[in-house]
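K.L.:
Next up is a structure, given as structure tokens.
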2 protein chains.
Amino acid sequence: MVSRVAENRRKILNAARELVLEGGFAAAQMSAVAVRAGVATGSLYRYFKSKDELCRQVFREVSSREMNLLANIAEKQGSATERLIEVADNFAGRAVRGRRLAFALLNEPVDVALAEERRRFRRTHASIFQGLIEEGIANGEFDNVDAEITAACIAGAIPTALVGPLAPDSDVLDARGDEVVKSLVNFVLKSVGAKQQLNQSTPQAKPHQTTVQ
Amino acid sequence: MVSRVAENRRKILNAARELVLEGGFAAAQMSAVAVRAGVATGSLYRYFKSKDELCRQVFREVSSREMNLLANIAEKQGSATERLIEVADNFAGRAVRGRRLAFALLNEPVDVALAEERRRFRRTHASIFQGLIEEGIANGEFDNVDAEITAACIAGAIPTALVGPLAPDSDVLDARGDEVVKSLVNFVLKSVGAKQQLNQSTPQAKPHQTTVQ
DNA sequence: CCGAAAAGTGAATACAAATTCACATCACCC
DNA sequence: GGGTGATGTGAATTTGTATTCACTTTTCGG
């Protein structure tokens, strides 16, 4: 029956996603996925051509949720500055609160196939930022920076500063997470020459759109 | 004889380094290193406990050269702004001109051991930037930004924008490399609130200290 | 109910590297 | 020159997973 097939596919993807959430892509071994999904290892190959394909699928599912969130914010009403703040704040804030997921998506050592997927993910981030920057430049909110490069920089800076090699270690992020996020938003604002800055001692302008699952 | 031992160690390290320069750490397989060095695979283990140790050693040798270069610039005479420009310009410029090495050091998918080594490398970058930023803030050249976070962002932004997922592909960098580097330097200056900006249409303020090997 | 096709199984296999090791060779000292 | 320990060798082994496949079970139209 076609529905059972779809259901199994889901079970497998969910199992893989859970493992990734818990231990990164390193934890998503085929045998582990099979056990978690309650199927035989061989069955995985009825649904996915290879491990790479399965992992890519998981990556896309998880990352597209994140991307859509940010893309939606970028399309809301409001000044470019306001939306840039909210995008950056959500990007950084979600990463801080969902550190394990952020690590898996952005920084975990992965193989070539997933590195490619990650590349796309970053490119999408960058293009969201780029759109906002161009808009802000056009209407005079921002300085006339190189939007493409600046966007690429921002898309690289936030993850690296947060979950990357340079990250304050986890305990610090637990304690000072909000502060770090605020510094990051200010970094972004400064880099585009926005007039407005976040006040370091008050909460951010807008609440987060969603919470981390 | 002790000198032959030292010489062999060198031969092996050089072979490994050459392979990394040519094809990244993925190309540095033990058998390939052995062939290139003109020794048997077994001999590698007389000199290095494991592949990880060999690769780490190679990483350190190559990266420390880069780090020292930047650290020396940061310690030179001049305003914080001047030195920040020169550090950023050299960092980005060397990466553009030595793209394969930059890729291996900064972006290639690698295993956990090398990822750790890379973490140190980035941390060192960040601390160089952090020192300059703090100095610049102290004497009023820069705005009062969060030096730690800003430094971490810059250290992450430049590599990602250049050789990472977002990079214009290699051809573009060949053609527009200088322009991209200039945009990056301006990004850095903006992010710290420096008064001075690089002129987009003239060459950078200072010549590079060295050329890529 | 039957039979063919699809789906499920998991032990066996494939695979790609790193690593080992039993043996050969060398350097050096008596 | 002979003995001894260090060094060199590379084929064989190990290792850790992904992948396969001969077989069983299920599904479903006729």
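Chain labels follow the order of the structure tokens: the first chain is A, the next B, and so on; residue numbering restarts at 1 in every chain, and ligands are counted from 1 in their shown order.
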Rotate and translate chain A onto chain B via least squares on all in-order Cα pairs, then write the result as an mmCIF file with C-alpha atoms, in the first residue's frame.
P.N.:
data_model
loop_
_atom_site.group_PDB
_atom_site.id
_atom_site.type_symbol
_atom_site.label_atom_id
_atom_site.label_comp_id
_atom_site.auth_asym_id
_atom_site.auth_seq_id
_atom_site.Cartn_x
_atom_site.Cartn_y
_atom_site.Cartn_z
ATOM 1 C CA MET A 1 72.716 8.707 12.481
ATOM 2 C CA VAL A 2 70.613 11.364 14.065
ATOM 3 C CA SER A 3 70.803 13.690 11.085
ATOM 4 C CA ARG A 4 69.383 11.138 8.693
ATOM 5 C CA VAL A 5 66.482 10.634 11.019
ATOM 6 C CA ALA A 6 65.791 14.350 11.095
ATOM 7 C CA GLU A 7 66.197 14.482 7.348
ATOM 8 C CA ASN A 8 63.671 11.727 6.819
ATOM 9 C CA ARG A 9 61.207 13.385 9.095
ATOM 10 C CA ARG A 10 61.572 16.472 6.966
ATOM 11 C CA LYS A 11 61.164 14.507 3.762
ATOM 12 C CA ILE A 12 57.924 13.063 5.052
ATOM 13 C CA LEU A 13 56.570 16.368 6.265
ATOM 14 C CA ASN A 14 57.500 18.037 3.014
ATOM 15 C CA ALA A 15 55.857 15.308 0.993
ATOM 16 C CA ALA A 16 52.690 15.616 3.036
ATOM 17 C CA ARG A 17 52.734 19.388 2.739
ATOM 18 C CA GLU A 18 53.135 19.220 -1.021
ATOM 19 C CA LEU A 19 50.193 16.894 -1.306
ATOM 20 C CA VAL A 20 48.074 19.158 0.856
ATOM 21 C CA LEU A 21 49.055 22.157 -1.238
ATOM 22 C CA GLU A 22 48.064 20.304 -4.375
ATOM 23 C CA GLY A 23 44.919 18.515 -3.345
ATOM 24 C CA GLY A 24 44.027 19.396 0.205
ATOM 25 C CA PHE A 25 44.198 17.072 3.160
ATOM 26 C CA ALA A 26 42.085 14.586 1.263
ATOM 27 C CA ALA A 27 45.117 13.966 -0.948
ATOM 28 C CA ALA A 28 47.388 13.263 1.996
ATOM 29 C CA GLN A 29 46.821 9.540 2.231
ATOM 30 C CA MET A 30 49.521 7.623 4.014
ATOM 31 C CA SER A 31 50.441 5.599 0.951
ATOM 32 C CA ALA A 32 50.613 8.708 -1.186
ATOM 33 C CA VAL A 33 52.778 10.476 1.367
ATOM 34 C CA ALA A 34 55.088 7.482 1.504
ATOM 35 C CA VAL A 35 55.484 7.368 -2.259
ATOM 36 C CA ARG A 36 56.088 11.087 -2.484
ATOM 37 C CA ALA A 37 58.617 10.986 0.332
ATOM 38 C CA GLY A 38 60.345 7.969 -1.162
ATOM 39 C CA VAL A 39 59.903 5.739 1.879
ATOM 40 C CA ALA A 40 57.760 2.752 2.755
ATOM 41 C CA THR A 41 54.410 3.274 4.386
ATOM 42 C CA GLY A 42 55.634 1.476 7.440
ATOM 43 C CA SER A 43 58.411 4.017 7.838
ATOM 44 C CA LEU A 44 55.907 6.782 8.302
ATOM 45 C CA TYR A 45 55.030 5.184 11.589
ATOM 46 C CA ARG A 46 58.625 5.337 12.773
ATOM 47 C CA TYR A 47 58.239 9.108 12.666
ATOM 48 C CA PHE A 48 54.594 9.756 13.404
ATOM 49 C CA LYS A 49 52.304 7.911 15.749
ATOM 50 C CA SER A 50 49.365 8.141 13.387
ATOM 51 C CA LYS A 51 48.030 9.878 10.354
ATOM 52 C CA ASP A 52 46.288 12.380 12.572
ATOM 53 C CA GLU A 53 49.547 13.356 14.163
ATOM 54 C CA LEU A 54 51.236 13.787 10.812
ATOM 55 C CA CYS A 55 48.406 15.862 9.440
ATOM 56 C CA ARG A 56 48.241 18.008 12.539
ATOM 57 C CA GLN A 57 51.930 18.655 12.230
ATOM 58 C CA VAL A 58 51.543 19.703 8.635
ATOM 59 C CA PHE A 59 48.621 21.902 9.520
ATOM 60 C CA ARG A 60 50.582 23.605 12.271
ATOM 61 C CA GLU A 61 53.620 24.188 10.118
ATOM 62 C CA VAL A 62 51.652 25.715 7.325
ATOM 63 C CA SER A 63 49.255 27.694 9.448
ATOM 64 C CA SER A 64 51.848 29.039 11.826
ATOM 65 C CA ARG A 65 53.645 30.673 8.967
ATOM 66 C CA GLU A 66 50.441 32.468 8.096
ATOM 67 C CA MET A 67 49.745 33.400 11.665
ATOM 68 C CA ASN A 68 53.186 34.787 12.306
ATOM 69 C CA LEU A 69 52.902 36.936 9.273
ATOM 70 C CA LEU A 70 49.707 38.513 10.494
ATOM 71 C CA ALA A 71 50.906 38.730 14.073
ATOM 72 C CA ASN A 72 53.998 40.584 12.954
ATOM 73 C CA ILE A 73 51.971 43.074 11.025
ATOM 74 C CA ALA A 74 49.760 43.649 14.032
ATOM 75 C CA GLU A 75 52.811 44.503 16.107
ATOM 76 C CA LYS A 76 54.249 47.015 13.709
ATOM 77 C CA GLN A 77 54.264 50.751 14.211
ATOM 78 C CA GLY A 78 51.272 52.741 13.144
ATOM 79 C CA SER A 79 47.715 53.510 14.044
ATOM 80 C CA ALA A 80 45.333 50.677 14.878
ATOM 81 C CA THR A 81 43.450 51.530 11.719
ATOM 82 C CA GLU A 82 46.516 51.235 9.528
ATOM 83 C CA ARG A 83 47.490 47.920 11.036
ATOM 84 C CA LEU A 84 43.957 46.574 10.920
ATOM 85 C CA ILE A 85 43.846 47.423 7.245
ATOM 86 C CA GLU A 86 47.138 45.738 6.603
ATOM 87 C CA VAL A 87 46.254 42.624 8.567
ATOM 88 C CA ALA A 88 42.899 42.258 6.867
ATOM 89 C CA ASP A 89 44.394 42.980 3.488
ATOM 90 C CA ASN A 90 47.101 40.395 3.938
ATOM 91 C CA PHE A 91 44.732 37.833 5.361
ATOM 92 C CA ALA A 92 42.303 38.172 2.502
ATOM 93 C CA GLY A 93 44.912 38.811 -0.160
ATOM 94 C CA ARG A 94 46.990 35.814 0.709
ATOM 95 C CA ALA A 95 43.908 33.631 0.738
ATOM 96 C CA VAL A 96 42.901 34.847 -2.692
ATOM 97 C CA ARG A 97 46.324 34.276 -4.153
ATOM 98 C CA GLY A 98 46.901 30.981 -2.391
ATOM 99 C CA ARG A 99 43.431 29.669 -2.756
ATOM 100 C CA ARG A 100 44.267 25.992 -2.567
ATOM 101 C CA LEU A 101 46.144 26.416 0.660
ATOM 102 C CA ALA A 102 43.440 28.664 2.056
ATOM 103 C CA PHE A 103 40.835 26.094 1.182
ATOM 104 C CA ALA A 104 42.750 23.353 2.930
ATOM 105 C CA LEU A 105 43.345 25.435 6.025
ATOM 106 C CA LEU A 106 39.956 27.038 6.287
ATOM 107 C CA ASN A 107 37.218 25.246 4.454
ATOM 108 C CA GLU A 108 38.010 21.794 3.234
ATOM 109 C CA PRO A 109 35.858 19.103 4.831
ATOM 110 C CA VAL A 110 38.232 17.413 7.244
ATOM 111 C CA ASP A 111 37.966 14.981 10.090
ATOM 112 C CA VAL A 112 37.652 15.759 13.751
ATOM 113 C CA ALA A 113 41.361 15.978 14.512
ATOM 114 C CA LEU A 114 42.009 18.579 11.885
ATOM 115 C CA ALA A 115 38.838 20.424 12.718
ATOM 116 C CA GLU A 116 40.285 20.935 16.160
ATOM 117 C CA GLU A 117 43.509 22.250 14.702
ATOM 118 C CA ARG A 118 41.510 24.576 12.552
ATOM 119 C CA ARG A 119 39.673 25.836 15.597
ATOM 120 C CA ARG A 120 42.942 26.936 17.136
ATOM 121 C CA PHE A 121 43.943 28.596 13.917
ATOM 122 C CA ARG A 122 40.768 30.648 13.858
ATOM 123 C CA ARG A 123 41.092 31.518 17.494
ATOM 124 C CA THR A 124 44.525 32.918 16.841
ATOM 125 C CA HIS A 125 43.213 34.966 13.974
ATOM 126 C CA ALA A 126 40.506 36.273 16.208
ATOM 127 C CA SER A 127 42.862 37.238 18.974
ATOM 128 C CA ILE A 128 45.019 39.215 16.586
ATOM 129 C CA PHE A 129 41.972 41.132 15.461
ATOM 130 C CA GLN A 130 40.758 41.501 19.001
ATOM 131 C CA GLY A 131 43.992 43.124 20.129
ATOM 132 C CA LEU A 132 43.885 45.642 17.329
ATOM 133 C CA ILE A 133 40.251 46.423 17.957
ATOM 134 C CA GLU A 134 40.772 46.979 21.652
ATOM 135 C CA GLU A 135 43.657 49.248 20.912
ATOM 136 C CA GLY A 136 41.653 51.207 18.393
ATOM 137 C CA ILE A 137 38.781 51.590 20.802
ATOM 138 C CA ALA A 138 41.094 52.723 23.585
ATOM 139 C CA ASN A 139 42.566 55.534 21.530
ATOM 140 C CA GLY A 140 39.329 56.567 19.897
ATOM 141 C CA GLU A 141 39.997 55.320 16.389
ATOM 142 C CA PHE A 142 37.130 52.835 16.530
ATOM 143 C CA ASP A 143 33.669 52.785 18.033
ATOM 144 C CA ASN A 144 33.106 51.072 21.330
ATOM 145 C CA VAL A 145 32.150 47.682 19.872
ATOM 146 C CA ASP A 146 32.258 44.309 21.581
ATOM 147 C CA ALA A 147 35.856 43.533 20.682
ATOM 148 C CA GLU A 148 35.689 39.819 21.354
ATOM 149 C CA ILE A 149 32.604 39.182 19.281
ATOM 150 C CA THR A 150 33.600 41.562 16.543
ATOM 151 C CA ALA A 151 36.982 39.884 16.254
ATOM 152 C CA ALA A 152 35.379 36.461 16.116
ATOM 153 C CA CYS A 153 33.029 37.688 13.426
ATOM 154 C CA ILE A 154 35.799 39.127 11.313
ATOM 155 C CA ALA A 155 37.891 35.999 11.659
ATOM 156 C CA GLY A 156 34.916 33.998 10.443
ATOM 157 C CA ALA A 157 33.671 36.395 7.831
ATOM 158 C CA ILE A 158 36.752 36.732 5.695
ATOM 159 C CA PRO A 159 37.425 33.045 5.106
ATOM 160 C CA THR A 160 33.789 32.254 4.545
ATOM 161 C CA ALA A 161 33.297 35.045 2.078
ATOM 162 C CA LEU A 162 36.463 34.138 0.234
ATOM 163 C CA VAL A 163 36.998 30.475 -0.008
ATOM 164 C CA GLY A 164 33.846 29.230 1.608
ATOM 165 C CA PRO A 165 30.470 28.277 0.369
ATOM 166 C CA LEU A 166 29.690 31.845 -0.543
ATOM 167 C CA ALA A 167 32.774 32.521 -2.525
ATOM 168 C CA PRO A 168 32.451 33.940 -5.951
ATOM 169 C CA ASP A 169 33.812 31.036 -7.935
ATOM 170 C CA SER A 170 37.455 30.784 -8.727
ATOM 171 C CA ASP A 171 37.340 32.482 -12.093
ATOM 172 C CA VAL A 172 35.705 35.463 -10.528
ATOM 173 C CA LEU A 173 38.356 35.610 -7.865
ATOM 174 C CA ASP A 174 41.045 35.460 -10.506
ATOM 175 C CA ALA A 175 39.540 38.397 -12.297
ATOM 176 C CA ARG A 176 38.192 40.476 -9.455
ATOM 177 C CA GLY A 177 40.379 39.300 -6.607
ATOM 178 C CA ASP A 178 41.736 42.698 -5.702
ATOM 179 C CA GLU A 179 38.321 44.226 -5.733
ATOM 180 C CA VAL A 180 36.945 41.532 -3.458
ATOM 181 C CA VAL A 181 39.835 41.970 -1.063
ATOM 182 C CA LYS A 182 39.197 45.690 -0.974
ATOM 183 C CA SER A 183 35.530 45.122 -0.199
ATOM 184 C CA LEU A 184 36.518 42.817 2.609
ATOM 185 C CA VAL A 185 38.881 45.342 4.121
ATOM 186 C CA ASN A 186 36.154 47.937 3.984
ATOM 187 C CA PHE A 187 33.792 45.490 5.621
ATOM 188 C CA VAL A 188 36.251 45.087 8.464
ATOM 189 C CA LEU A 189 36.749 48.828 8.837
ATOM 190 C CA LYS A 190 33.036 49.452 8.897
ATOM 191 C CA SER A 191 32.372 46.748 11.433
ATOM 192 C CA VAL A 192 34.669 48.440 13.957
ATOM 193 C CA GLY A 193 33.400 51.900 13.119
ATOM 194 C CA ALA A 194 36.720 53.146 11.765
ATOM 195 C CA LYS A 195 36.628 56.681 10.440
ATOM 196 C CA GLN A 196 38.788 55.873 7.441
ATOM 197 C CA GLN A 197 37.603 53.764 4.487
ATOM 198 C CA LEU A 198 39.554 52.354 1.606
ATOM 199 C CA ASN A 199 38.973 54.068 -1.698
ATOM 200 C CA GLN A 200 37.350 51.487 -3.928
ATOM 201 C CA SER A 201 39.166 52.600 -7.052
ATOM 202 C CA THR A 202 42.761 52.962 -5.855
ATOM 203 C CA PRO A 203 45.231 50.288 -4.787
ATOM 204 C CA GLN A 204 45.417 49.384 -1.150
ATOM 205 C CA ALA A 205 47.372 51.592 1.206
ATOM 206 C CA LYS A 206 50.317 49.298 1.767
ATOM 207 C CA PRO A 207 51.933 46.603 -0.355
ATOM 208 C CA HIS A 208 51.704 43.043 0.854
ATOM 209 C CA GLN A 209 54.486 42.016 3.119
ATOM 210 C CA THR A 210 55.273 38.804 1.315
ATOM 211 C CA THR A 211 54.126 36.898 -1.678
ATOM 212 C CA VAL A 212 52.533 33.517 -1.568
ATOM 213 C CA GLN A 213 55.059 30.760 -2.012
#
K.L.:
Determine which residues of range 11-100 of chain A DSSP labels as alpha helix (DSSP H) from the backbone of this structure, then write them out as a CSV table (one decimal) with N, CA and C atoms, in the first residue's frame.
P.N.:
chain,number,residue,atom,x,y,z
A,11,LYS,N,9.2,7.5,8.7
A,11,LYS,CA,9.8,7.0,9.9
A,11,LYS,C,11.3,7.0,9.8
A,12,ILE,N,11.8,6.7,8.6
A,12,ILE,CA,13.3,6.7,8.5
A,12,ILE,C,13.9,8.1,8.6
A,13,LEU,N,13.2,9.0,7.9
A,13,LEU,CA,13.7,10.4,7.9
A,13,LEU,C,13.6,10.9,9.3
A,14,ASN,N,12.6,10.6,10.0
A,14,ASN,CA,12.4,11.1,11.4
A,14,ASN,C,13.5,10.5,12.3
A,15,ALA,N,13.8,9.3,12.1
A,15,ALA,CA,14.8,8.6,12.9
A,15,ALA,C,16.1,9.3,12.7
A,16,ALA,N,16.4,9.5,11.4
A,16,ALA,CA,17.7,10.1,11.0
A,16,ALA,C,17.8,11.5,11.6
A,17,ARG,N,16.7,12.2,11.5
A,17,ARG,CA,16.7,13.6,12.0
A,17,ARG,C,16.9,13.6,13.5
A,18,GLU,N,16.2,12.7,14.2
A,18,GLU,CA,16.4,12.7,15.7
A,18,GLU,C,17.9,12.4,16.0
A,19,LEU,N,18.5,11.5,15.3
A,19,LEU,CA,19.9,11.2,15.6
A,19,LEU,C,20.8,12.4,15.3
A,20,VAL,N,20.5,13.1,14.3
A,20,VAL,CA,21.3,14.3,13.9
A,20,VAL,C,21.1,15.3,15.0
A,21,LEU,N,19.9,15.5,15.5
A,21,LEU,CA,19.6,16.5,16.5
A,21,LEU,C,20.4,16.1,17.8
A,22,GLU,N,20.5,14.8,18.1
A,22,GLU,CA,21.1,14.4,19.3
A,22,GLU,C,22.6,14.4,19.2
A,23,GLY,N,23.2,13.9,18.1
A,23,GLY,CA,24.6,13.7,18.0
A,23,GLY,C,25.3,14.2,16.7
A,30,MET,N,24.0,4.3,9.3
A,30,MET,CA,22.9,3.5,8.7
A,30,MET,C,22.3,2.6,9.7
A,31,SER,N,23.1,1.8,10.4
A,31,SER,CA,22.6,0.8,11.3
A,31,SER,C,21.8,1.5,12.5
A,32,ALA,N,22.3,2.6,12.9
A,32,ALA,CA,21.6,3.3,14.0
A,32,ALA,C,20.3,3.9,13.5
A,33,VAL,N,20.3,4.4,12.3
A,33,VAL,CA,19.0,4.9,11.7
A,33,VAL,C,18.0,3.8,11.7
A,34,ALA,N,18.5,2.6,11.2
A,34,ALA,CA,17.6,1.5,11.0
A,34,ALA,C,17.0,1.1,12.3
A,35,VAL,N,17.8,1.0,13.4
A,35,VAL,CA,17.3,0.6,14.7
A,35,VAL,C,16.3,1.6,15.1
A,36,ARG,N,16.7,2.9,15.1
A,36,ARG,CA,15.8,3.9,15.6
A,36,ARG,C,14.4,3.9,14.8
A,37,ALA,N,14.5,3.6,13.5
A,37,ALA,CA,13.3,3.7,12.7
A,37,ALA,C,12.5,2.4,12.9
A,41,THR,N,18.4,-2.7,8.2
A,41,THR,CA,19.3,-1.8,7.4
A,41,THR,C,19.0,-1.9,5.9
A,42,GLY,N,18.8,-3.1,5.5
A,42,GLY,CA,18.5,-3.3,4.1
A,42,GLY,C,17.3,-2.4,3.6
A,43,SER,N,16.3,-2.3,4.5
A,43,SER,CA,15.1,-1.5,4.1
A,43,SER,C,15.5,-0.1,3.8
A,44,LEU,N,16.5,0.4,4.4
A,44,LEU,CA,16.8,1.8,4.2
A,44,LEU,C,17.1,2.1,2.7
A,45,TYR,N,17.6,1.0,2.1
A,45,TYR,CA,18.0,1.2,0.7
A,45,TYR,C,16.8,1.0,-0.3
A,46,ARG,N,15.7,0.6,0.3
A,46,ARG,CA,14.5,0.6,-0.5
A,46,ARG,C,14.0,2.0,-0.7
A,47,TYR,N,14.4,2.9,0.2
A,47,TYR,CA,13.9,4.2,0.3
A,47,TYR,C,14.9,5.3,-0.2
A,51,LYS,N,23.5,6.4,1.7
A,51,LYS,CA,23.5,7.2,2.9
A,51,LYS,C,23.6,8.7,2.6
A,52,ASP,N,24.4,9.1,1.6
A,52,ASP,CA,24.5,10.5,1.2
A,52,ASP,C,23.2,11.0,0.9
A,53,GLU,N,22.4,10.3,0.2
A,53,GLU,CA,21.1,10.8,-0.2
A,53,GLU,C,20.2,11.0,1.0
A,54,LEU,N,20.2,10.0,1.9
A,54,LEU,CA,19.4,10.2,3.1
A,54,LEU,C,19.8,11.4,3.9
A,55,CYS,N,21.1,11.5,4.1
A,55,CYS,CA,21.6,12.6,4.9
A,55,CYS,C,21.3,14.0,4.2
A,56,ARG,N,21.5,14.0,2.9
A,56,ARG,CA,21.2,15.3,2.2
A,56,ARG,C,19.7,15.6,2.5
A,57,GLN,N,18.9,14.6,2.4
A,57,GLN,CA,17.4,14.9,2.6
A,57,GLN,C,17.2,15.4,4.0
A,58,VAL,N,17.8,14.8,4.9
A,58,VAL,CA,17.6,15.3,6.3
A,58,VAL,C,18.1,16.7,6.4
A,59,PHE,N,19.3,17.0,5.9
A,59,PHE,CA,19.8,18.3,5.9
A,59,PHE,C,18.9,19.3,5.3
A,60,ARG,N,18.3,19.0,4.2
A,60,ARG,CA,17.4,19.9,3.5
A,60,ARG,C,16.2,20.2,4.3
A,61,GLU,N,15.6,19.1,4.8
A,61,GLU,CA,14.4,19.3,5.6
A,61,GLU,C,14.6,20.2,6.8
A,62,VAL,N,15.7,19.9,7.5
A,62,VAL,CA,16.0,20.7,8.7
A,62,VAL,C,16.3,22.2,8.3
A,63,SER,N,17.2,22.3,7.3
A,63,SER,CA,17.7,23.6,7.0
A,63,SER,C,16.6,24.5,6.3
A,64,SER,N,15.8,23.8,5.6
A,64,SER,CA,14.8,24.6,4.9
A,64,SER,C,13.8,25.3,5.8
A,65,ARG,N,13.5,24.6,6.9
A,65,ARG,CA,12.7,25.2,7.9
A,65,ARG,C,13.3,26.5,8.4
A,66,GLU,N,14.6,26.4,8.7
A,66,GLU,CA,15.3,27.6,9.2
A,66,GLU,C,15.3,28.7,8.2
A,67,MET,N,15.6,28.3,6.9
A,67,MET,CA,15.7,29.3,5.9
A,67,MET,C,14.3,30.0,5.7
A,68,ASN,N,13.3,29.2,5.6
A,68,ASN,CA,12.0,29.8,5.4
A,68,ASN,C,11.6,30.8,6.5
A,69,LEU,N,12.0,30.5,7.7
A,69,LEU,CA,11.7,31.4,8.8
A,69,LEU,C,12.4,32.7,8.5
A,70,LEU,N,13.7,32.7,8.2
A,70,LEU,CA,14.4,33.9,7.9
A,70,LEU,C,13.9,34.7,6.7
A,71,ALA,N,13.6,33.9,5.7
A,71,ALA,CA,13.1,34.5,4.4
A,71,ALA,C,11.8,35.2,4.7
A,72,ASN,N,10.9,34.6,5.5
A,72,ASN,CA,9.6,35.2,5.8
A,72,ASN,C,9.8,36.5,6.6
A,73,ILE,N,10.7,36.5,7.5
A,73,ILE,CA,11.0,37.8,8.2
A,73,ILE,C,11.5,38.8,7.2
A,74,ALA,N,12.3,38.4,6.3
A,74,ALA,CA,12.9,39.4,5.4
A,74,ALA,C,11.8,40.0,4.5
A,80,ALA,N,14.2,48.4,6.2
A,80,ALA,CA,15.3,47.4,6.0
A,80,ALA,C,16.0,47.2,7.3
A,81,THR,N,16.2,48.3,8.0
A,81,THR,CA,17.0,48.1,9.3
A,81,THR,C,16.2,47.2,10.2
A,82,GLU,N,14.9,47.5,10.4
A,82,GLU,CA,14.1,46.7,11.3
A,82,GLU,C,14.2,45.2,10.9
A,83,ARG,N,14.0,44.9,9.6
A,83,ARG,CA,14.0,43.5,9.2
A,83,ARG,C,15.4,42.9,9.3
A,84,LEU,N,16.4,43.7,9.0
A,84,LEU,CA,17.8,43.2,9.1
A,84,LEU,C,18.0,42.8,10.6
A,85,ILE,N,17.6,43.6,11.5
A,85,ILE,CA,17.8,43.3,12.9
A,85,ILE,C,17.0,42.0,13.3
A,86,GLU,N,15.8,41.9,12.8
A,86,GLU,CA,15.0,40.8,13.2
A,86,GLU,C,15.6,39.5,12.5
A,87,VAL,N,16.1,39.6,11.3
A,87,VAL,CA,16.7,38.4,10.7
A,87,VAL,C,17.9,38.0,11.4
A,88,ALA,N,18.8,38.9,11.7
A,88,ALA,CA,20.0,38.6,12.4
A,88,ALA,C,19.8,38.1,13.8
A,89,ASP,N,18.8,38.7,14.4
A,89,ASP,CA,18.5,38.3,15.8
A,89,ASP,C,18.0,36.9,15.8
A,90,ASN,N,17.1,36.6,14.9
A,90,ASN,CA,16.6,35.2,14.8
A,90,ASN,C,17.6,34.2,14.4
A,91,PHE,N,18.4,34.6,13.4
A,91,PHE,CA,19.5,33.7,13.0
A,91,PHE,C,20.4,33.3,14.2
A,92,ALA,N,20.9,34.3,14.8
A,92,ALA,CA,21.8,34.1,15.9
A,92,ALA,C,21.1,33.5,17.1
A,93,GLY,N,19.9,34.0,17.4
A,93,GLY,CA,19.2,33.5,18.6
A,93,GLY,C,18.8,32.1,18.5
A,94,ARG,N,18.3,31.7,17.3
A,94,ARG,CA,18.0,30.3,17.1
A,94,ARG,C,19.2,29.4,17.2
A,95,ALA,N,20.3,29.9,16.7
A,95,ALA,CA,21.5,29.1,16.8
A,95,ALA,C,21.9,28.9,18.2
A,96,VAL,N,21.8,29.9,19.0
A,96,VAL,CA,22.2,29.9,20.4
A,96,VAL,C,21.3,28.9,21.2
A,97,ARG,N,20.0,29.0,20.9
A,97,ARG,CA,19.1,28.1,21.7
A,97,ARG,C,19.1,26.7,21.1
A,99,ARG,N,21.7,24.9,19.8
A,99,ARG,CA,23.1,24.8,19.5
A,99,ARG,C,23.5,23.5,18.8
A,100,ARG,N,22.9,22.4,19.3
A,100,ARG,CA,23.2,21.1,18.6
A,100,ARG,C,22.9,21.1,17.2
K.L.:
Do a neighbour search on DA22 in chain D at 12 Å with only C-alpha atoms (C1' of nucleotides), toss out local chain neighbours closer than 4 positions, and write the hits as a ChimeraX atom specification.
P.N.:
/C:9-12
K.L.:
Go ahead and write the selection's residues with C-alpha atoms (C1' of nucleotides) as a CSV table (one decimal), in the first residue's frame.
P.N.:
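The resulting selection14.csv:
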chain,number,residue,atom,x,y,z
C,9,DT,C1',15.2,-8.7,6.3
C,10,DG,C1',19.9,-9.0,8.4
C,11,DA,C1',23.8,-11.7,7.9
C,12,DA,C1',27.4,-11.6,4.6
K.L.:
Give as a list in words every residue of chain C that touches chain B within 12 Å, counting only C-alpha atoms (C1' of nucleotides).
P.N.:
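Listed by rising number, the hits are DA16, DA17, DA18, DT19, DT20, DC21, DC26, DA27 and DC28 of chain C.
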K.L.:
Any chance you can output those residues with C-alpha atoms (C1' of nucleotides) as a PDB file, in the first residue's frame?
P.N.:
ATOM      1  C1'  DA C  16      38.824   2.126   1.488  1.00  0.00           C
ATOM      2  C1'  DA C  17      42.052   3.436   4.421  1.00  0.00           C
ATOM      3  C1'  DA C  18      44.995   3.261   8.311  1.00  0.00           C
ATOM      4  C1'  DT C  19      47.908   0.423  10.787  1.00  0.00           C
ATOM      5  C1'  DT C  20      50.817  -3.586  11.981  1.00  0.00           C
ATOM      6  C1'  DC C  21      54.533  -6.849  11.888  1.00  0.00           C
ATOM      7  C1'  DC C  26      71.847  -0.550   7.921  1.00  0.00           C
ATOM      8  C1'  DA C  27      74.920   2.071  11.182  1.00  0.00           C
ATOM      9  C1'  DC C  28      77.901   1.811  14.636  1.00  0.00           C
TER      10       DC C  28
END
K.L.:
Should the cut-off be 8 Å, what would the residue list for chain D against chain A look like, counting only C-alpha atoms (C1' of nucleotides), as JSON, numbers by chain?
P.N.:
{"D": [17, 18, 27]}
